Amino acid sequence: MSVLVVAEHHGGKWHKMSWETLVAGQMAATLLKTELSALILGAQIEPLAAELATHRVNRVFVAEHELLAEYSSDGYTIAIQQVIEEVSPDLILFPHSYFVRDYGPKLAARLNRSFLNDVVDINVKGNRIRFTRQLFQGKINADVIFSDASPHFISIQSGTYRGDTLEPTGNFAPVEKINVTINPTDIRTRYGEWFRESKSKVDLSSAEVIVSVGRGIKDPGHIPIAKGLAEALGGELAASRPVCDNGWLPLERQVGSSGQTVSPKLYLAVGISGAIQHVVGMKGSEKIIAINRDPGAPIFEIADYGIVGDLFEVVPALTEAILAIKKD
Amino acid sequence: MNIFVCIKQIPARDSVIRFADHEKWIDESGLTYELNEPDAFALEEGIRLREENGGKVVVVSMGPERTIAVIREALAKGADRGILIESDEPFRVDAFATAKALAAVLSKESPDIVLTGLQADDLGFGQTGVILAELLNLPHASIVVKIIDISDGSIRIRKELEAGWFQNIDMPLPALLTIQSGTNKPRYATLMGIKKARKKSVEHYSVRDLGVEPLISQTIDHLYAPPKIKDTQFFEGSSREAADKLAEKLKFEVRIL
């Protein structure tokens with residue numbers, strides 16, 4: 001039995017989910033009473049490997065290759081496959097990053113295995129390790145066990161574990177190089193430079209109050225209802241992905257895994273069901289208010305205050321009540 | 001161009017999900033089903049590709065007999081042909097098992113491009129396309145927001161990265177793309193389209209015929225409502241009463257006013 005965590009970085013910097021995944025790996029290794037290794041792959045990564053070695057791991061594996069300097073699904077798949085064959089881990093944890101979404105399931109399939117993504121908890125029942133993930137857009141939790149032989153592949157949902165609790169120990173775990181063979185022709189895709197379409201003019205991360213609208217707003221003509229509430233509270237207007245996908249609000253106002261991550265003093269979720277992709281972007285808010293007609297909406301799991309009702313009645317009434325208080 | 005679009009039928013978005021089978025699965029009786037929304041964007045992308053480049057759009061779906069409804073819907077929107085892989089336990093299986101069945105059918109065809117939605121909103125794996133690319137030995141890109149150019153047997157796309165970053169990717173065809181939601185405006189089926197769809201052919205396979213009866217590697221041990229993280233204080237009464245109580249709370253306890 002052994003556990004391996006794949007750490008991720010880009011442009012010489014760690015992906016913060018690497019640390020969260022390392023915490024998950026430490027938990028899994030403790031539950032399974034086994035050792036934890038971490039893998040880093042890339043080119044010119046000695047400093048990162050050395051840093052990783054001080055973070056409560058038993059061993060660090062380094063797979064260096066010039067063709068791993070930039071991410072490619074083909075390159076990463078080939079390299080990690082060779083590492084797995086060399087070190088035979090039983091459980092491999094990945095951060096649920098955009099890279100991992102792009103190569104993780106492919107790598108598992110190449111080894112004739114499935115991939116369990118977005119894990120939000122690891123626990124043990126009897127002598128079996130179970131992984132929790134959410135189904136139906138956050139409405140249901142499922143504890144899942146693997147019924148085939150190891151290795152097993154899982155990815156950890158962003159924000160599930162606190163990466164900032166992980167402090168360097170001062171001890172260096174052994175760092176071991178693993179030679180991987182990759183040919184230039186193995187990589188079928190050519191990746192361009194990263195770019196941003198336009199610099200976002202809206203910085204939601206500094207807002208004290210955010211009123212965020214979801215699918216429940218139903219029509220772009222209804223956006224002013226939420227805007228009125230945001231204005232009454234002196235806050236910013238934001239939205240969940242479906243609202244921006246429909247073009248009802250610009251993408252730069254999107255909160256969630258593909259938008260901004262915010263932690264205001266007050267977050268008002270209006271007509272937002274609370275799918276995990278949205279929740280990871282706002283669950284750090286100090287106080288959360290949810291207004292939704294569905295009492296079973298997952299947003300209520302994390303709400304401090306809630307109103308189950310029709311937002312088209314509740315929001316205008318709330319705006320009026322707030323304006324009346326401010327007038328006094 | 002031979003354009004293949006993989007689609008899925010899932011429980012309707014607002015479904016109330018109840019447990020069955022000793023909390024090991026959901027109660028499927030009484031559920032209504034619809035086309036998985038992210039797949040509508042993949043289908044629209046496929047139809048647009050045909051409009052620009054010529055060729056045929058084939059939709060493929062796996063599921064029980066009722067799945068024919070989403071295939072008919074896709075045919076009504078403009079797809080040319082449908083393939084249904086019948087399986088009685090479509091969404092209890094993991095993405096690897098689904099991708100194997102899709103691969104068994106697609107390897108009999110000669111696709112130039114295979115499209116899938118970003119994820120299915122029921123199990124939320126977001127994996128089927130990526131695994132399918134591996135099984136068909138195709139290059140792929142995931143979370144694609146734009147098909148920029150197709151020429152000389154290769155394709156240039158734009159994909160979304162984390163935190164607002166993007167990247168263009170070139171790859172040879174045939175290739176597989178998973179399409180980000182919101183990248184286009186899916187069309188509605190017209191009356192004419194619905195009429196025409198009746199004459200379009202749908203081939204049927206079963207997972208048994210294909211020899212890919214799913215070997216399920218991920219077993220659900222227990223389903224339950226997500227535990228409450230916060231002890232939510234609810235405000236009741238009429239909308240006005242509830243709003244007034246919440247506003248008081250904002251003033252005196254949250255101290256935001």
# chains A, B, ... in the order shown; residues from 1 in each chain; ligands from 1
>>> interface_residues(of="chain A", to="chain B", cutoff="7 Å", atoms="only C-alpha atoms", output="JSON, numbers by chain")
{"A": [98, 102, 105, 106, 109, 114, 117, 135, 136, 137, 139, 140, 141, 142, 143, 144, 145, 146, 147, 148, 188, 189, 190, 191, 192, 193, 194, 195, 196, 245, 246, 258, 259, 260, 300, 301, 302, 303, 304, 305, 306, 307, 309, 313, 314, 317, 318, 321, 322, 326]}
>>> select_by_dssp(residues="region 32-143 of chain B", states="strand (DSSP E)", output="PyMOL selection string")
chain B and resi 33-35+56-63+81-86+113-117+140-143
>>> atom_distance(atom1="CA of Gly284 (chain A)", atom2="CA of Leu118 (chain B)")
26.2 Å
>>> atom_distance(atom1="CA of Cys244 (chain A)", atom2="CA of Asn36 (chain B)")
18.4 Å
>>> residues_around(residues="Glu109 (chain B)", least_positions_apart="6", cutoff="12 Å", atoms="only C-alpha atoms", output="number ranges by chain")
B: 2-4, 58, 60, 83, 102-103, 136, 174
>>> atom_distance(atom1="CA of Arg113 (chain A)", atom2="CA of Ile92 (chain A)")
11.8 Å
>>> select_by_dssp(residues="region 94-238 of chain B", states="alpha helix (DSSP H)", output="PyMOL selection string")
chain B and resi 95-106+128-135+191-197+207-210
>>> write_last_selection(atoms="N, CA, C and O atoms", output="short mmCIF file (atom, residue, chain, number, x, y, z; two decimals), in the first residue's frame")
data_model
loop_
_atom_site.label_atom_id
_atom_site.label_comp_id
_atom_site.auth_asym_id
_atom_site.auth_seq_id
_atom_site.Cartn_x
_atom_site.Cartn_y
_atom_site.Cartn_z
N ALA B 95 -17.60 6.92 -16.02
CA ALA B 95 -17.34 7.51 -17.34
C ALA B 95 -16.48 6.58 -18.20
O ALA B 95 -16.60 6.56 -19.42
N PHE B 96 -15.63 5.79 -17.56
CA PHE B 96 -14.76 4.88 -18.31
C PHE B 96 -15.59 3.84 -19.04
O PHE B 96 -15.38 3.55 -20.23
N ALA B 97 -16.60 3.29 -18.35
CA ALA B 97 -17.46 2.28 -18.95
C ALA B 97 -18.26 2.89 -20.11
O ALA B 97 -18.41 2.28 -21.17
N THR B 98 -18.77 4.10 -19.92
CA THR B 98 -19.53 4.78 -20.97
C THR B 98 -18.64 5.03 -22.19
O THR B 98 -19.03 4.77 -23.33
N ALA B 99 -17.43 5.53 -21.93
CA ALA B 99 -16.52 5.85 -23.03
C ALA B 99 -16.14 4.59 -23.82
O ALA B 99 -16.00 4.63 -25.05
N LYS B 100 -16.04 3.45 -23.13
CA LYS B 100 -15.71 2.20 -23.83
C LYS B 100 -16.79 1.83 -24.83
O LYS B 100 -16.51 1.40 -25.95
N ALA B 101 -18.06 1.99 -24.40
CA ALA B 101 -19.17 1.66 -25.30
C ALA B 101 -19.20 2.62 -26.49
O ALA B 101 -19.37 2.21 -27.64
N LEU B 102 -19.00 3.92 -26.22
CA LEU B 102 -18.99 4.91 -27.30
C LEU B 102 -17.83 4.61 -28.27
O LEU B 102 -17.98 4.69 -29.49
N ALA B 103 -16.68 4.23 -27.70
CA ALA B 103 -15.50 3.94 -28.54
C ALA B 103 -15.74 2.74 -29.43
O ALA B 103 -15.32 2.71 -30.59
N ALA B 104 -16.48 1.74 -28.90
CA ALA B 104 -16.74 0.54 -29.68
C ALA B 104 -17.54 0.89 -30.93
O ALA B 104 -17.32 0.33 -32.01
N VAL B 105 -18.47 1.84 -30.81
CA VAL B 105 -19.28 2.24 -31.96
C VAL B 105 -18.49 3.17 -32.88
O VAL B 105 -18.47 3.01 -34.10
N LEU B 106 -17.82 4.16 -32.30
CA LEU B 106 -17.12 5.15 -33.13
C LEU B 106 -15.95 4.54 -33.89
O LEU B 106 -15.57 5.04 -34.94
N THR B 128 -15.92 11.80 -20.02
CA THR B 128 -16.20 10.85 -21.10
C THR B 128 -15.45 11.21 -22.39
O THR B 128 -14.86 10.35 -23.03
N GLY B 129 -15.45 12.51 -22.74
CA GLY B 129 -14.77 12.92 -23.96
C GLY B 129 -13.27 12.65 -23.91
O GLY B 129 -12.68 12.13 -24.86
N VAL B 130 -12.67 12.98 -22.78
CA VAL B 130 -11.22 12.82 -22.63
C VAL B 130 -10.84 11.34 -22.74
O VAL B 130 -9.87 10.97 -23.43
N ILE B 131 -11.62 10.48 -22.10
CA ILE B 131 -11.32 9.04 -22.16
C ILE B 131 -11.57 8.50 -23.57
O ILE B 131 -10.79 7.70 -24.09
N LEU B 132 -12.65 8.99 -24.18
CA LEU B 132 -12.98 8.55 -25.54
C LEU B 132 -11.82 8.86 -26.49
O LEU B 132 -11.47 8.05 -27.35
N ALA B 133 -11.23 10.04 -26.36
CA ALA B 133 -10.08 10.41 -27.19
C ALA B 133 -8.96 9.40 -27.01
O ALA B 133 -8.34 8.93 -27.98
N GLU B 134 -8.70 9.02 -25.77
CA GLU B 134 -7.64 8.05 -25.48
C GLU B 134 -7.97 6.69 -26.13
O GLU B 134 -7.11 6.09 -26.77
N LEU B 135 -9.21 6.24 -25.98
CA LEU B 135 -9.57 4.93 -26.50
C LEU B 135 -9.57 4.90 -28.03
O LEU B 135 -9.30 3.88 -28.64
N LEU B 191 -40.57 23.40 -36.67
CA LEU B 191 -41.60 22.42 -37.02
C LEU B 191 -41.15 21.56 -38.19
O LEU B 191 -41.31 20.35 -38.20
N MET B 192 -40.53 22.25 -39.17
CA MET B 192 -40.01 21.54 -40.34
C MET B 192 -38.95 20.54 -39.92
O MET B 192 -38.92 19.40 -40.40
N GLY B 193 -38.10 20.97 -39.00
CA GLY B 193 -37.04 20.10 -38.50
C GLY B 193 -37.60 18.85 -37.83
O GLY B 193 -37.10 17.74 -38.01
N ILE B 194 -38.65 19.07 -37.04
CA ILE B 194 -39.27 17.94 -36.33
C ILE B 194 -39.86 16.96 -37.33
O ILE B 194 -39.72 15.74 -37.19
N LYS B 195 -40.48 17.49 -38.38
CA LYS B 195 -41.06 16.64 -39.43
C LYS B 195 -39.97 15.83 -40.12
O LYS B 195 -40.08 14.63 -40.29
N LYS B 196 -38.90 16.53 -40.49
CA LYS B 196 -37.81 15.87 -41.22
C LYS B 196 -37.15 14.79 -40.36
O LYS B 196 -36.71 13.76 -40.86
N ALA B 197 -37.09 15.05 -39.05
CA ALA B 197 -36.40 14.13 -38.14
C ALA B 197 -37.02 12.74 -38.16
O ALA B 197 -36.34 11.74 -37.98
N VAL B 207 -25.14 -2.76 -25.55
CA VAL B 207 -23.79 -2.96 -25.00
C VAL B 207 -23.40 -4.43 -25.09
O VAL B 207 -22.23 -4.77 -25.23
N ARG B 208 -24.40 -5.29 -25.04
CA ARG B 208 -24.10 -6.73 -25.13
C ARG B 208 -23.55 -7.07 -26.52
O ARG B 208 -22.52 -7.71 -26.64
N ASP B 209 -24.24 -6.57 -27.58
CA ASP B 209 -23.76 -6.83 -28.96
C ASP B 209 -22.35 -6.32 -29.15
O ASP B 209 -21.55 -6.90 -29.87
N LEU B 210 -22.09 -5.19 -28.52
CA LEU B 210 -20.78 -4.56 -28.72
C LEU B 210 -19.69 -5.27 -27.93
O LEU B 210 -18.51 -5.03 -28.12
#
>>> residues_around(residues="region 10-17 of chain A", least_positions_apart="6", cutoff="12 Å", atoms="only C-alpha atoms", output="MDAnalysis selection string")
(chainID A and resid 23:24 40:49 51:52 68:71 93:100 155:164 166 193:194) or (chainID B and resid 161:163)
>>> write_last_selection(atoms="C-alpha atoms", output="PDB file, in the first residue's frame")
ATOM      1  CA  VAL A  23      -3.052  17.537   2.861  1.00  0.00           C
ATOM      2  CA  ALA A  24      -5.597  15.091   1.395  1.00  0.00           C
ATOM      3  CA  ILE A  40       6.589  16.707  -9.552  1.00  0.00           C
ATOM      4  CA  LEU A  41       7.161  16.759 -13.277  1.00  0.00           C
ATOM      5  CA  GLY A  42       8.521  19.413 -15.598  1.00  0.00           C
ATOM      6  CA  ALA A  43      11.840  20.908 -16.669  1.00  0.00           C
ATOM      7  CA  GLN A  44      14.243  22.771 -14.359  1.00  0.00           C
ATOM      8  CA  ILE A  45      12.227  21.978 -11.268  1.00  0.00           C
ATOM      9  CA  GLU A  46      14.917  21.246  -8.646  1.00  0.00           C
ATOM     10  CA  PRO A  47      13.940  24.225  -6.434  1.00  0.00           C
ATOM     11  CA  LEU A  48      10.282  23.189  -6.442  1.00  0.00           C
ATOM     12  CA  ALA A  49      11.221  19.561  -5.729  1.00  0.00           C
ATOM     13  CA  GLU A  51      10.499  22.762  -1.384  1.00  0.00           C
ATOM     14  CA  LEU A  52       8.091  19.860  -1.763  1.00  0.00           C
ATOM     15  CA  LEU A  68       7.573  18.524 -19.952  1.00  0.00           C
ATOM     16  CA  ALA A  69       8.552  22.214 -19.783  1.00  0.00           C
ATOM     17  CA  GLU A  70       5.063  23.080 -21.016  1.00  0.00           C
ATOM     18  CA  TYR A  71       1.966  21.099 -20.146  1.00  0.00           C
ATOM     19  CA  LEU A  93      -4.272  11.899  -5.775  1.00  0.00           C
ATOM     20  CA  PHE A  94      -4.418  14.841  -8.171  1.00  0.00           C
ATOM     21  CA  PRO A  95      -5.606  18.409  -7.667  1.00  0.00           C
ATOM     22  CA  HIS A  96      -8.856  18.870  -9.606  1.00  0.00           C
ATOM     23  CA  SER A  97      -7.230  21.502 -11.803  1.00  0.00           C
ATOM     24  CA  TYR A  98      -7.925  22.296 -15.453  1.00  0.00           C
ATOM     25  CA  PHE A  99      -4.778  20.361 -16.404  1.00  0.00           C
ATOM     26  CA  VAL A 100      -5.894  17.281 -14.473  1.00  0.00           C
ATOM     27  CA  SER A 155      -8.812  14.214  -7.872  1.00  0.00           C
ATOM     28  CA  ILE A 156      -9.496  16.544  -4.950  1.00  0.00           C
ATOM     29  CA  GLN A 157     -12.003  19.376  -5.360  1.00  0.00           C
ATOM     30  CA  SER A 158     -10.628  22.877  -4.885  1.00  0.00           C
ATOM     31  CA  GLY A 159     -10.964  24.204  -1.329  1.00  0.00           C
ATOM     32  CA  THR A 160     -11.751  20.805   0.234  1.00  0.00           C
ATOM     33  CA  TYR A 161      -8.646  20.852   2.446  1.00  0.00           C
ATOM     34  CA  ARG A 162      -6.763  23.797   3.870  1.00  0.00           C
ATOM     35  CA  GLY A 163      -3.443  24.014   2.053  1.00  0.00           C
ATOM     36  CA  ASP A 164      -2.319  26.900   4.263  1.00  0.00           C
ATOM     37  CA  LEU A 166       0.678  22.802   5.820  1.00  0.00           C
ATOM     38  CA  GLU A 193       0.984  31.169 -25.133  1.00  0.00           C
ATOM     39  CA  TRP A 194      -1.448  31.832 -22.301  1.00  0.00           C
TER      40      TRP A 194
ATOM     41  CA  LEU B 161      -7.689  27.771 -18.585  1.00  0.00           C
ATOM     42  CA  GLU B 162      -8.070  28.687 -14.940  1.00  0.00           C
ATOM     43  CA  ALA B 163      -8.684  32.240 -13.652  1.00  0.00           C
TER      44      ALA B 163
END
>>> residues_around(residues="Val60 (chain A)", least_positions_apart="4", cutoff="6 Å", atoms="only C-alpha atoms", output="PyMOL selection string")
chain A and resi 37-39+53+175
>>> write_last_selection(atoms="all heavy atoms", output="CSV table (one decimal), in the first residue's frame")
chain,number,residue,atom,x,y,z
A,37,SER,N,4.2,9.6,-0.9
A,37,SER,CA,5.2,10.2,-1.8
A,37,SER,C,4.5,11.3,-2.6
A,37,SER,O,3.3,11.3,-2.8
A,37,SER,CB,5.7,9.2,-2.8
A,37,SER,OG,6.1,8.0,-2.1
A,38,ALA,N,5.3,12.2,-3.1
A,38,ALA,CA,4.8,13.3,-4.0
A,38,ALA,C,5.6,13.2,-5.3
A,38,ALA,O,6.8,12.9,-5.3
A,38,ALA,CB,4.9,14.6,-3.3
A,39,LEU,N,4.9,13.6,-6.4
A,39,LEU,CA,5.6,13.6,-7.7
A,39,LEU,C,5.5,15.0,-8.3
A,39,LEU,O,4.5,15.6,-8.2
A,39,LEU,CB,4.9,12.6,-8.7
A,39,LEU,CG,5.2,12.7,-10.1
A,39,LEU,CD1,6.7,12.4,-10.4
A,39,LEU,CD2,4.3,11.9,-11.0
A,53,ALA,N,9.9,18.6,-0.7
A,53,ALA,CA,10.5,17.6,0.2
A,53,ALA,C,10.4,18.0,1.6
A,53,ALA,O,10.7,17.2,2.5
A,53,ALA,CB,12.0,17.4,-0.2
A,175,VAL,N,14.8,12.9,-2.3
A,175,VAL,CA,14.3,13.2,-3.6
A,175,VAL,C,14.9,12.3,-4.6
A,175,VAL,O,16.2,12.1,-4.7
A,175,VAL,CB,14.7,14.7,-4.0
A,175,VAL,CG1,14.3,15.0,-5.4
A,175,VAL,CG2,14.1,15.7,-3.0
>>> decode(residues="region 102-119 of chain A", atoms="N, CA, C and O atoms", output="PDB file, in the first residue's frame")
ATOM      1  N   ASP A 102      -7.923  17.615 -17.965  1.00  0.00           N
ATOM      2  CA  ASP A 102      -7.535  17.393 -19.353  1.00  0.00           C
ATOM      3  C   ASP A 102      -6.759  16.091 -19.551  1.00  0.00           C
ATOM      4  O   ASP A 102      -6.833  15.493 -20.615  1.00  0.00           O
ATOM      5  N   TYR A 103      -5.980  15.650 -18.530  1.00  0.00           N
ATOM      6  CA  TYR A 103      -5.186  14.428 -18.742  1.00  0.00           C
ATOM      7  C   TYR A 103      -5.469  13.303 -17.753  1.00  0.00           C
ATOM      8  O   TYR A 103      -5.174  12.143 -18.051  1.00  0.00           O
ATOM      9  N   GLY A 104      -6.040  13.600 -16.577  1.00  0.00           N
ATOM     10  CA  GLY A 104      -6.218  12.579 -15.544  1.00  0.00           C
ATOM     11  C   GLY A 104      -7.012  11.361 -16.014  1.00  0.00           C
ATOM     12  O   GLY A 104      -6.527  10.217 -15.913  1.00  0.00           O
ATOM     13  N   PRO A 105      -8.221  11.570 -16.542  1.00  0.00           N
ATOM     14  CA  PRO A 105      -9.015  10.417 -16.976  1.00  0.00           C
ATOM     15  C   PRO A 105      -8.357   9.657 -18.125  1.00  0.00           C
ATOM     16  O   PRO A 105      -8.517   8.437 -18.238  1.00  0.00           O
ATOM     17  N   LYS A 106      -7.601  10.383 -18.961  1.00  0.00           N
ATOM     18  CA  LYS A 106      -6.889   9.750 -20.089  1.00  0.00           C
ATOM     19  C   LYS A 106      -5.786   8.821 -19.571  1.00  0.00           C
ATOM     20  O   LYS A 106      -5.636   7.687 -20.014  1.00  0.00           O
ATOM     21  N   LEU A 107      -5.043   9.317 -18.582  1.00  0.00           N
ATOM     22  CA  LEU A 107      -3.970   8.528 -17.973  1.00  0.00           C
ATOM     23  C   LEU A 107      -4.530   7.264 -17.328  1.00  0.00           C
ATOM     24  O   LEU A 107      -4.008   6.160 -17.521  1.00  0.00           O
ATOM     25  N   ALA A 108      -5.617   7.430 -16.562  1.00  0.00           N
ATOM     26  CA  ALA A 108      -6.227   6.272 -15.902  1.00  0.00           C
ATOM     27  C   ALA A 108      -6.683   5.252 -16.943  1.00  0.00           C
ATOM     28  O   ALA A 108      -6.441   4.049 -16.798  1.00  0.00           O
ATOM     29  N   ALA A 109      -7.327   5.745 -18.016  1.00  0.00           N
ATOM     30  CA  ALA A 109      -7.820   4.839 -19.059  1.00  0.00           C
ATOM     31  C   ALA A 109      -6.671   4.071 -19.709  1.00  0.00           C
ATOM     32  O   ALA A 109      -6.805   2.899 -20.048  1.00  0.00           O
ATOM     33  N   ARG A 110      -5.539   4.750 -19.871  1.00  0.00           N
ATOM     34  CA  ARG A 110      -4.389   4.082 -20.489  1.00  0.00           C
ATOM     35  C   ARG A 110      -3.935   2.906 -19.624  1.00  0.00           C
ATOM     36  O   ARG A 110      -3.415   1.914 -20.126  1.00  0.00           O
ATOM     37  N   LEU A 111      -4.156   3.013 -18.312  1.00  0.00           N
ATOM     38  CA  LEU A 111      -3.795   1.921 -17.408  1.00  0.00           C
ATOM     39  C   LEU A 111      -5.016   1.051 -17.094  1.00  0.00           C
ATOM     40  O   LEU A 111      -5.024   0.293 -16.127  1.00  0.00           O
ATOM     41  N   ASN A 112      -6.053   1.200 -17.933  1.00  0.00           N
ATOM     42  CA  ASN A 112      -7.281   0.415 -17.813  1.00  0.00           C
ATOM     43  C   ASN A 112      -7.979   0.626 -16.465  1.00  0.00           C
ATOM     44  O   ASN A 112      -8.474  -0.311 -15.847  1.00  0.00           O
ATOM     45  N   ARG A 113      -8.001   1.873 -16.029  1.00  0.00           N
ATOM     46  CA  ARG A 113      -8.646   2.211 -14.767  1.00  0.00           C
ATOM     47  C   ARG A 113      -9.616   3.372 -14.969  1.00  0.00           C
ATOM     48  O   ARG A 113      -9.475   4.151 -15.915  1.00  0.00           O
ATOM     49  N   SER A 114     -10.566   3.502 -14.040  1.00  0.00           N
ATOM     50  CA  SER A 114     -11.453   4.659 -14.047  1.00  0.00           C
ATOM     51  C   SER A 114     -10.810   5.763 -13.217  1.00  0.00           C
ATOM     52  O   SER A 114      -9.764   5.559 -12.585  1.00  0.00           O
ATOM     53  N   PHE A 115     -11.430   6.937 -13.216  1.00  0.00           N
ATOM     54  CA  PHE A 115     -10.895   8.098 -12.509  1.00  0.00           C
ATOM     55  C   PHE A 115     -12.049   8.695 -11.716  1.00  0.00           C
ATOM     56  O   PHE A 115     -13.145   8.882 -12.240  1.00  0.00           O
ATOM     57  N   LEU A 116     -11.817   8.963 -10.448  1.00  0.00           N
ATOM     58  CA  LEU A 116     -12.884   9.514  -9.605  1.00  0.00           C
ATOM     59  C   LEU A 116     -12.533  10.977  -9.320  1.00  0.00           C
ATOM     60  O   LEU A 116     -11.556  11.249  -8.623  1.00  0.00           O
ATOM     61  N   ASN A 117     -13.344  11.887  -9.877  1.00  0.00           N
ATOM     62  CA  ASN A 117     -12.964  13.293  -9.756  1.00  0.00           C
ATOM     63  C   ASN A 117     -13.797  14.046  -8.727  1.00  0.00           C
ATOM     64  O   ASN A 117     -14.835  13.565  -8.281  1.00  0.00           O
ATOM     65  N   ASP A 118     -13.320  15.231  -8.362  1.00  0.00           N
ATOM     66  CA  ASP A 118     -14.036  16.134  -7.446  1.00  0.00           C
ATOM     67  C   ASP A 118     -14.301  15.519  -6.080  1.00  0.00           C
ATOM     68  O   ASP A 118     -15.389  15.698  -5.527  1.00  0.00           O
ATOM     69  N   VAL A 119     -13.339  14.819  -5.532  1.00  0.00           N
ATOM     70  CA  VAL A 119     -13.533  14.215  -4.213  1.00  0.00           C
ATOM     71  C   VAL A 119     -13.535  15.315  -3.146  1.00  0.00           C
ATOM     72  O   VAL A 119     -12.695  16.207  -3.152  1.00  0.00           O
TER      73      VAL A 119
END
